[in-house]
Amino acid sequence: MRYRSTILIAVLTVLLSSPTSTNGQPKLKPPIVLDVNAYPDLTVKVTGSQEVLFGDTKQDGTLSIDITNALTYKPPLLFGSEASPVTLRITLPYEKTLSQVGMTGADSGFNCNTYGNNVLCTGGTIRAGGQAHISLSVTGGYPSPVQCSVLAPVTAEVDPTQNEVDRTNNTATTYVLVVFTGIDGKPCDHG
C-alpha cells in the first residue's frame with residue numbers, strides 16, 4: 001500500500017506543479033524515453049588536489065580524472081548508449097618537472113599501466129548517463145640547482161573506440177605549478 005501511495009503522491013506533485021492551460025486544466029508533459037541505440041558522448045575533466053607542488057621536497061599530489069558518458073536530450077527523448085571499451089591516456093610533462101608515482105584508484109573496469117612518464121588506462125565500460133573516476137599520484141620533480149617555477153601541463157584524452165556524438169570534448173588539460181627553491185646562479189633545467 002505504501003508503494004501505491006508514493007506513486008500517487010508523485011503523480012499529484014507532477015500534475016500540481018505542471019503549467020496550466022488557459023482553461024485551468026493541467027498540461028501533461030510527454031514521458032521521457034531513453035533510446036539506448038544511439039551513440040555515447042564522452043567528456044573528460046582533469047583536476048589536481050593542489051595547484052602548487054614543491055619540487056625540491058618531491059611533494060606529492062593527486063590528479064583526478066572524471067569521464068562522463070552524457071545523455072543527449074532531444075524532447076521528448078534522451079539518447080545515449082554504453083561506451084565500451086574506453087581508453088584513457090594521461091600525458092605528464094618532462095619527468096624532472098612532474099612525475100607519476102602510483103595509481104590510487106580506477107573504477108568502471110579500467111586497467112592502468114605506466115609507459116615512461118605517461119599512463120594508459122584501457123578496458124573501461126561506462127553506462128549511458130554514467131561516470132568513471134581514475135586517480136593518479138604525482139610528485140613535484142627533482143631538486144633544482146636554481147630557484148624557478150614551471151607550469152606543468154597534464155592532459156587527459158579519452159577514446160570510446162566507437163562512434164560518438166561529439167569528440168571535441170574528449171581532451172582536457174590542467175596545469176600544476178611546480179616550484180623549485182634551489183641555489184641561485186645556475187639555469188633552471190625543468191621544463
# chains A, B, ... in the order shown; residues from 1 in each chain; ligands from 1
>>> residues_around(residues="Ile126 of chain A", least_positions_apart="6", cutoff="12 Å", atoms="only C-alpha atoms", output="PyMOL selection string")
chain A and resi 40-43+66-71+80-87+107-110+132-133+158-160
>>> write_last_selection(atoms="N, CA and C atoms", output="mmCIF file, in the first residue's frame")
data_model
loop_
_atom_site.group_PDB
_atom_site.id
_atom_site.type_symbol
_atom_site.label_atom_id
_atom_site.label_comp_id
_atom_site.auth_asym_id
_atom_site.auth_seq_id
_atom_site.Cartn_x
_atom_site.Cartn_y
_atom_site.Cartn_z
ATOM 1 N N PRO A 40 27.259 7.030 -27.730
ATOM 2 C CA PRO A 40 27.667 7.617 -26.455
ATOM 3 C C PRO A 40 28.227 9.023 -26.677
ATOM 4 N N ASP A 41 28.419 9.772 -25.600
ATOM 5 C CA ASP A 41 29.036 11.096 -25.674
ATOM 6 C C ASP A 41 29.930 11.273 -24.451
ATOM 7 N N LEU A 42 31.216 10.988 -24.615
ATOM 8 C CA LEU A 42 32.162 11.064 -23.506
ATOM 9 C C LEU A 42 32.730 12.470 -23.359
ATOM 10 N N THR A 43 32.851 12.909 -22.121
ATOM 11 C CA THR A 43 33.553 14.143 -21.785
ATOM 12 C C THR A 43 34.542 13.801 -20.682
ATOM 13 N N ASP A 66 37.813 12.530 -14.295
ATOM 14 C CA ASP A 66 36.415 12.103 -14.346
ATOM 15 C C ASP A 66 35.988 12.013 -15.803
ATOM 16 N N ILE A 67 35.423 10.875 -16.168
ATOM 17 C CA ILE A 67 34.912 10.660 -17.522
ATOM 18 C C ILE A 67 33.408 10.464 -17.411
ATOM 19 N N THR A 68 32.655 11.289 -18.128
ATOM 20 C CA THR A 68 31.198 11.210 -18.095
ATOM 21 C C THR A 68 30.682 10.764 -19.459
ATOM 22 N N ASN A 69 29.728 9.854 -19.458
ATOM 23 C CA ASN A 69 29.049 9.432 -20.679
ATOM 24 C C ASN A 69 27.684 10.121 -20.674
ATOM 25 N N ALA A 70 27.660 11.334 -21.219
ATOM 26 C CA ALA A 70 26.476 12.186 -21.140
ATOM 27 C C ALA A 70 25.340 11.678 -22.022
ATOM 28 N N LEU A 71 24.138 11.979 -21.593
ATOM 29 C CA LEU A 71 22.953 11.709 -22.389
ATOM 30 C C LEU A 71 22.635 12.946 -23.218
ATOM 31 N N GLY A 80 21.447 7.936 -25.777
ATOM 32 C CA GLY A 80 22.734 7.556 -25.229
ATOM 33 C C GLY A 80 22.933 6.063 -25.322
ATOM 34 N N SER A 81 24.160 5.624 -25.066
ATOM 35 C CA SER A 81 24.421 4.195 -25.018
ATOM 36 C C SER A 81 25.686 3.960 -24.216
ATOM 37 N N GLU A 82 25.889 2.716 -23.838
ATOM 38 C CA GLU A 82 27.099 2.330 -23.115
ATOM 39 C C GLU A 82 28.316 2.555 -24.014
ATOM 40 N N ALA A 83 29.409 3.021 -23.414
ATOM 41 C CA ALA A 83 30.670 3.173 -24.131
ATOM 42 C C ALA A 83 31.631 2.091 -23.656
ATOM 43 N N SER A 84 32.095 1.274 -24.609
ATOM 44 C CA SER A 84 32.997 0.180 -24.240
ATOM 45 C C SER A 84 33.646 -0.384 -25.502
ATOM 46 N N PRO A 85 34.932 -0.680 -25.489
ATOM 47 C CA PRO A 85 35.896 -0.401 -24.436
ATOM 48 C C PRO A 85 36.405 1.043 -24.548
ATOM 49 N N VAL A 86 36.613 1.679 -23.409
ATOM 50 C CA VAL A 86 37.079 3.065 -23.367
ATOM 51 C C VAL A 86 38.568 3.075 -23.006
ATOM 52 N N THR A 87 39.330 3.924 -23.697
ATOM 53 C CA THR A 87 40.758 4.093 -23.428
ATOM 54 C C THR A 87 41.004 5.514 -22.926
ATOM 55 N N ASP A 107 38.019 2.929 -11.446
ATOM 56 C CA ASP A 107 36.812 2.108 -11.415
ATOM 57 C C ASP A 107 36.304 1.865 -12.836
ATOM 58 N N SER A 108 35.135 1.325 -12.968
ATOM 59 C CA SER A 108 34.473 1.058 -14.254
ATOM 60 C C SER A 108 35.255 0.116 -15.160
ATOM 61 N N GLY A 109 36.062 -0.760 -14.560
ATOM 62 C CA GLY A 109 36.780 -1.772 -15.324
ATOM 63 C C GLY A 109 38.083 -1.309 -15.954
ATOM 64 N N PHE A 110 38.537 -0.087 -15.646
ATOM 65 C CA PHE A 110 39.793 0.395 -16.213
ATOM 66 C C PHE A 110 40.991 -0.331 -15.607
ATOM 67 N N ALA A 132 32.976 7.539 -14.784
ATOM 68 C CA ALA A 132 34.123 6.756 -14.307
ATOM 69 C C ALA A 132 35.109 7.710 -13.656
ATOM 70 N N HIS A 133 35.903 7.182 -12.711
ATOM 71 C CA HIS A 133 36.859 8.012 -11.990
ATOM 72 C C HIS A 133 38.203 7.285 -11.893
ATOM 73 N N VAL A 158 40.353 10.866 -23.772
ATOM 74 C CA VAL A 158 39.534 9.668 -23.704
ATOM 75 C C VAL A 158 39.058 9.284 -25.099
ATOM 76 N N ASP A 159 38.964 7.968 -25.355
ATOM 77 C CA ASP A 159 38.556 7.463 -26.659
ATOM 78 C C ASP A 159 37.646 6.249 -26.447
ATOM 79 N N PRO A 160 36.404 6.324 -26.934
ATOM 80 C CA PRO A 160 35.496 5.191 -26.754
ATOM 81 C C PRO A 160 35.677 4.084 -27.779
#
>>> atom_distance(atom1="atom CA of Asp60 of chain A", atom2="atom CA of Thr171 of chain A")
24.1 Å
>>> residues_around(residues="Cys112 of chain A", least_positions_apart="3", cutoff="7 Å", atoms="only C-alpha atoms", output="number ranges by chain")
A: 119-122
>>> closest_residue(among="A:Pro75, A:Gly116, A:Gly61, A:Gly140", to="Lys96 of chain A", atoms="only C-alpha atoms")
A:Gly140
>>> closest_residue(among="A:Val179, A:Leu77, A:Ile65, A:Ala128", to="Ser49 of chain A", atoms="only C-alpha atoms")
A:Ile65
>>> atom_distance(atom1="atom CA of Val44 of chain A", atom2="atom CA of Asn170 of chain A")
5.7 Å
>>> atom_distance(atom1="atom CA of Asp56 of chain A", atom2="atom CA of Leu88 of chain A")
29.9 Å
>>> residues_around(residues="Val46 of chain A", least_positions_apart="4", cutoff="9 Å", atoms="only C-alpha atoms", output="compact mmCIF listing (two decimals) with C-alpha atoms, in the first residue's frame")
# COMPACT_ATOMS: atom_id res chain seq x y z
CA LEU A 63 45.31 14.05 -10.14
CA SER A 64 41.62 13.18 -10.53
CA ILE A 65 40.19 12.30 -13.90
CA ASP A 66 36.41 12.10 -14.35
CA ILE A 67 34.91 10.66 -17.52
CA VAL A 154 48.70 17.42 -17.53
CA THR A 155 46.46 16.23 -20.37
CA ALA A 156 43.80 13.52 -20.28
CA ALA A 172 41.12 18.16 -21.04
CA THR A 173 44.23 19.82 -19.63
CA THR A 174 45.06 21.18 -16.20
>>> closest_residue(among="A:Ala152, A:Thr72, A:Tyr94, A:Gly55", to="Asp166 of chain A", atoms="only C-alpha atoms")
A:Thr72
>>> closest_residue(among="A:Gln131, A:Tyr73, A:Tyr115, A:Thr62", to="Met103 of chain A", atoms="only C-alpha atoms")
A:Thr62
